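Take a look at the structure set out below.
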Amino acid sequence: MIRITYSEEQKALAERIRDDLAGALEPGPPLLIVLVSAASTADPLVQAELADAQATGERILPILADGTGLPPAFGATSNMAALDFSRAYSRERLLAHVARAKTSQAALRRANRRALAAMALLAALVFGIAIITMSSGLIAFPVAEYNEEATFQAEWIDGLIRATLEAVQPRTTEDALNFAATHQAAPTRLFYYIRETATALARQAG
């Protein structure tokens with residue numbers, strides 16, 4: 001779908017462009033043609049349409065309708081080179097310009113589809129290889145390394161707190177009765193371990 005936005009002064013040119021494009025090109029992605037002039041640059045309706053097209057990523061073709069240059073509002077978002085019809089209008093240049101833009105857009109879409117298909121194929125290949133190697137035993141989780149790391153951590157914790165636990169571990173009924181006070185007096189980082197020793201003592205007594 002091709003839309004044309006313009007100020008009232010460019011109505012005749014807009015109608016001529018619309019007539020020349022009608023039926024001359026196959027349908028394609030949305031395209032906004034902006035007739036750039038001093039009047040359209042100051043027209044809030046034209047600027048609103050331009051802003052909407054920029055926000056949605058729509059293709060924008062600026063056509064210079066008078067001596068006014070391309071306004072900063074276009075920035076790099078026009079994504080099509082401007083056509084200068086300020087001196088003379090050319091139907092051939094218009095059709096060729098729009099046709100080239102459509103060709104480049106179609107080529108870009110084809111390239112994107114090919115890249116997406118290649119990435120999907122690569123991901124499926126890697127996933128398949130991983131499944132095959134794991135099921136055949138060629139690749140396995142490093143259980144021995146995990147166990148070694150767990151043992152190291154347990155030994156490190158044991159060496160860090162053993163001396164403190166030896167002093168507070170309940171060994172008699174009286175120690176057990178006074179356990180709450182002992183527990184509160186211990187460093188916070190040892191609460192869990194002291195609580196576990198009391199539980200173990202209770203289980204042994206039972």
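By order in the structure tokens, chains are A, B, ...; within a chain, residues start at 1; ligands start at 1, following the order shown.
Inside range 46-86 of chain A, the residues DSSP reads as strand (DSSP E or B) when given the backbone are Arg59, Ile60, Leu61, Pro62, Ile63, Leu64, Leu83 and Asp84 of chain A.
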Next, dump the selected residues to file, keeping only N, CA, C and O atoms, as an mmCIF file, in the first residue's frame.
```
data_model
loop_
_atom_site.group_PDB
_atom_site.id
_atom_site.type_symbol
_atom_site.label_atom_id
_atom_site.label_comp_id
_atom_site.auth_asym_id
_atom_site.auth_seq_id
_atom_site.Cartn_x
_atom_site.Cartn_y
_atom_site.Cartn_z
ATOM 1 N N ARG A 59 8.501 2.231 5.360
ATOM 2 C CA ARG A 59 9.371 2.873 4.374
ATOM 3 C C ARG A 59 8.856 4.276 4.063
ATOM 4 O O ARG A 59 7.646 4.488 3.954
ATOM 5 N N ILE A 60 9.783 5.203 3.913
ATOM 6 C CA ILE A 60 9.418 6.603 3.678
ATOM 7 C C ILE A 60 10.203 7.117 2.472
ATOM 8 O O ILE A 60 11.436 7.030 2.444
ATOM 9 N N LEU A 61 9.477 7.637 1.490
ATOM 10 C CA LEU A 61 10.108 8.223 0.310
ATOM 11 C C LEU A 61 9.841 9.723 0.296
ATOM 12 O O LEU A 61 8.700 10.148 0.067
ATOM 13 N N PRO A 62 10.853 10.553 0.558
ATOM 14 C CA PRO A 62 10.649 12.001 0.469
ATOM 15 C C PRO A 62 10.803 12.468 -0.985
ATOM 16 O O PRO A 62 11.728 12.058 -1.685
ATOM 17 N N ILE A 63 9.892 13.315 -1.407
ATOM 18 C CA ILE A 63 9.979 13.924 -2.743
ATOM 19 C C ILE A 63 9.999 15.438 -2.547
ATOM 20 O O ILE A 63 9.065 16.016 -1.970
ATOM 21 N N LEU A 64 11.061 16.064 -3.020
ATOM 22 C CA LEU A 64 11.206 17.509 -2.863
ATOM 23 C C LEU A 64 10.317 18.197 -3.900
ATOM 24 O O LEU A 64 10.521 18.072 -5.103
ATOM 25 N N LEU A 83 13.766 12.088 -3.912
ATOM 26 C CA LEU A 83 13.631 12.456 -5.322
ATOM 27 C C LEU A 83 13.398 13.961 -5.393
ATOM 28 O O LEU A 83 12.595 14.506 -4.631
ATOM 29 N N ASP A 84 14.083 14.615 -6.310
ATOM 30 C CA ASP A 84 13.952 16.061 -6.441
ATOM 31 C C ASP A 84 13.099 16.380 -7.673
ATOM 32 O O ASP A 84 13.556 16.263 -8.811
#
```
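For the pair CA of Asp20 in chain A and CA of Arg93 in chain A, the interatomic distance is 11.1 Å.
In this structure, CA of Phe85 in chain A sits 15.4 Å away from CA of Thr5 in chain A.
Note that the spacing between CA of Ala39 in chain A and CA of Thr68 in chain A amounts to 9.4 Å.
Every protein or nucleic acid residue with an atom no more than 10 Å from Ile4 in chain A, counting only C-alpha atoms and leaving out same-chain residues fewer than 4 positions away, appears here: Lys11, Ala14, Glu15, Ile17, Arg18, Leu31, Leu32, Ile33, Val34, Leu35, Val46, Glu49, Ile60, Leu61 and Pro62 of chain A.
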Could you write out the selected residues, including C-alpha atoms, as a PDB file, in the first residue's frame?
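Output file out_29.pdb is given in full below:
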```pdb
ATOM      1  CA  LYS A  11      -2.426  18.450  -4.222  1.00  0.00           C
ATOM      2  CA  ALA A  14       0.157  14.247  -5.296  1.00  0.00           C
ATOM      3  CA  GLU A  15      -2.688  13.252  -7.593  1.00  0.00           C
ATOM      4  CA  ILE A  17       2.008  10.694  -8.550  1.00  0.00           C
ATOM      5  CA  ARG A  18      -0.919   8.571  -7.349  1.00  0.00           C
ATOM      6  CA  LEU A  31       5.239   3.017   1.671  1.00  0.00           C
ATOM      7  CA  LEU A  32       4.667   6.617   2.713  1.00  0.00           C
ATOM      8  CA  ILE A  33       5.516   9.272   0.138  1.00  0.00           C
ATOM      9  CA  VAL A  34       6.065  12.683   1.694  1.00  0.00           C
ATOM     10  CA  LEU A  35       5.909  15.713  -0.573  1.00  0.00           C
ATOM     11  CA  VAL A  46       1.909  15.946   7.480  1.00  0.00           C
ATOM     12  CA  GLU A  49       1.885  11.100   9.511  1.00  0.00           C
ATOM     13  CA  ILE A  60       9.418   6.603   3.678  1.00  0.00           C
ATOM     14  CA  LEU A  61      10.108   8.223   0.310  1.00  0.00           C
ATOM     15  CA  PRO A  62      10.649  12.001   0.469  1.00  0.00           C
TER      16      PRO A  62
END
```
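For the residues A:Gln54, A:Thr173, A:Thr133, A:Gln10, ranking by smallest atom-to-atom distance to Phe74 in chain A using only C-alpha atoms places A:Gln54 first.
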From a backbone DSSP assignment, name each residue in range 4-99 of chain A labelled alpha helix (DSSP H), as a compact mmCIF listing (two decimals) with C-alpha atoms, in the first residue's frame.
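So the final result, stored in result_21.txt, reads:
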```
# COMPACT_ATOMS: atom_id res chain seq x y z
CA LYS A 11 -2.43 18.45 -4.22
CA ALA A 12 -2.01 18.45 -8.01
CA LEU A 13 1.44 16.82 -7.79
CA ALA A 14 0.16 14.25 -5.30
CA GLU A 15 -2.69 13.25 -7.59
CA ARG A 16 -0.32 12.94 -10.54
CA ILE A 17 2.01 10.69 -8.55
CA ARG A 18 -0.92 8.57 -7.35
CA ASP A 19 -2.20 8.14 -10.92
CA ASP A 20 1.26 7.17 -12.24
CA LEU A 21 1.81 4.60 -9.49
CA ALA A 38 7.92 24.76 2.99
CA ALA A 39 4.17 24.35 3.55
CA SER A 40 4.27 20.61 4.36
CA THR A 41 7.18 21.09 6.74
CA PRO A 44 1.07 19.43 11.66
CA LEU A 45 -0.96 16.74 9.86
CA VAL A 46 1.91 15.95 7.48
CA GLN A 47 4.38 15.88 10.35
CA ALA A 48 2.10 13.60 12.38
CA GLU A 49 1.88 11.10 9.51
CA LEU A 50 5.66 11.22 9.13
CA ALA A 51 6.17 10.60 12.85
CA ASP A 52 3.76 7.64 12.82
CA ALA A 53 5.58 6.07 9.87
CA GLN A 54 8.93 6.54 11.57
CA ALA A 55 7.62 4.97 14.78
CA THR A 56 6.34 1.85 12.97
CA ARG A 91 7.19 9.63 -14.18
CA GLU A 92 10.03 7.34 -15.32
CA ARG A 93 12.29 8.38 -12.45
CA LEU A 94 9.48 7.90 -9.96
CA LEU A 95 8.63 4.37 -11.12
CA ALA A 96 12.28 3.33 -11.35
CA HIS A 97 13.02 4.69 -7.88
CA VAL A 98 10.10 2.91 -6.23
CA ALA A 99 10.81 -0.32 -8.15
```
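In this comparison, which uses only C-alpha atoms, the residue of A:Ala22, A:Ala88, A:Ala73, A:Ile129 approaching Val36 in chain A most closely is A:Ala73.
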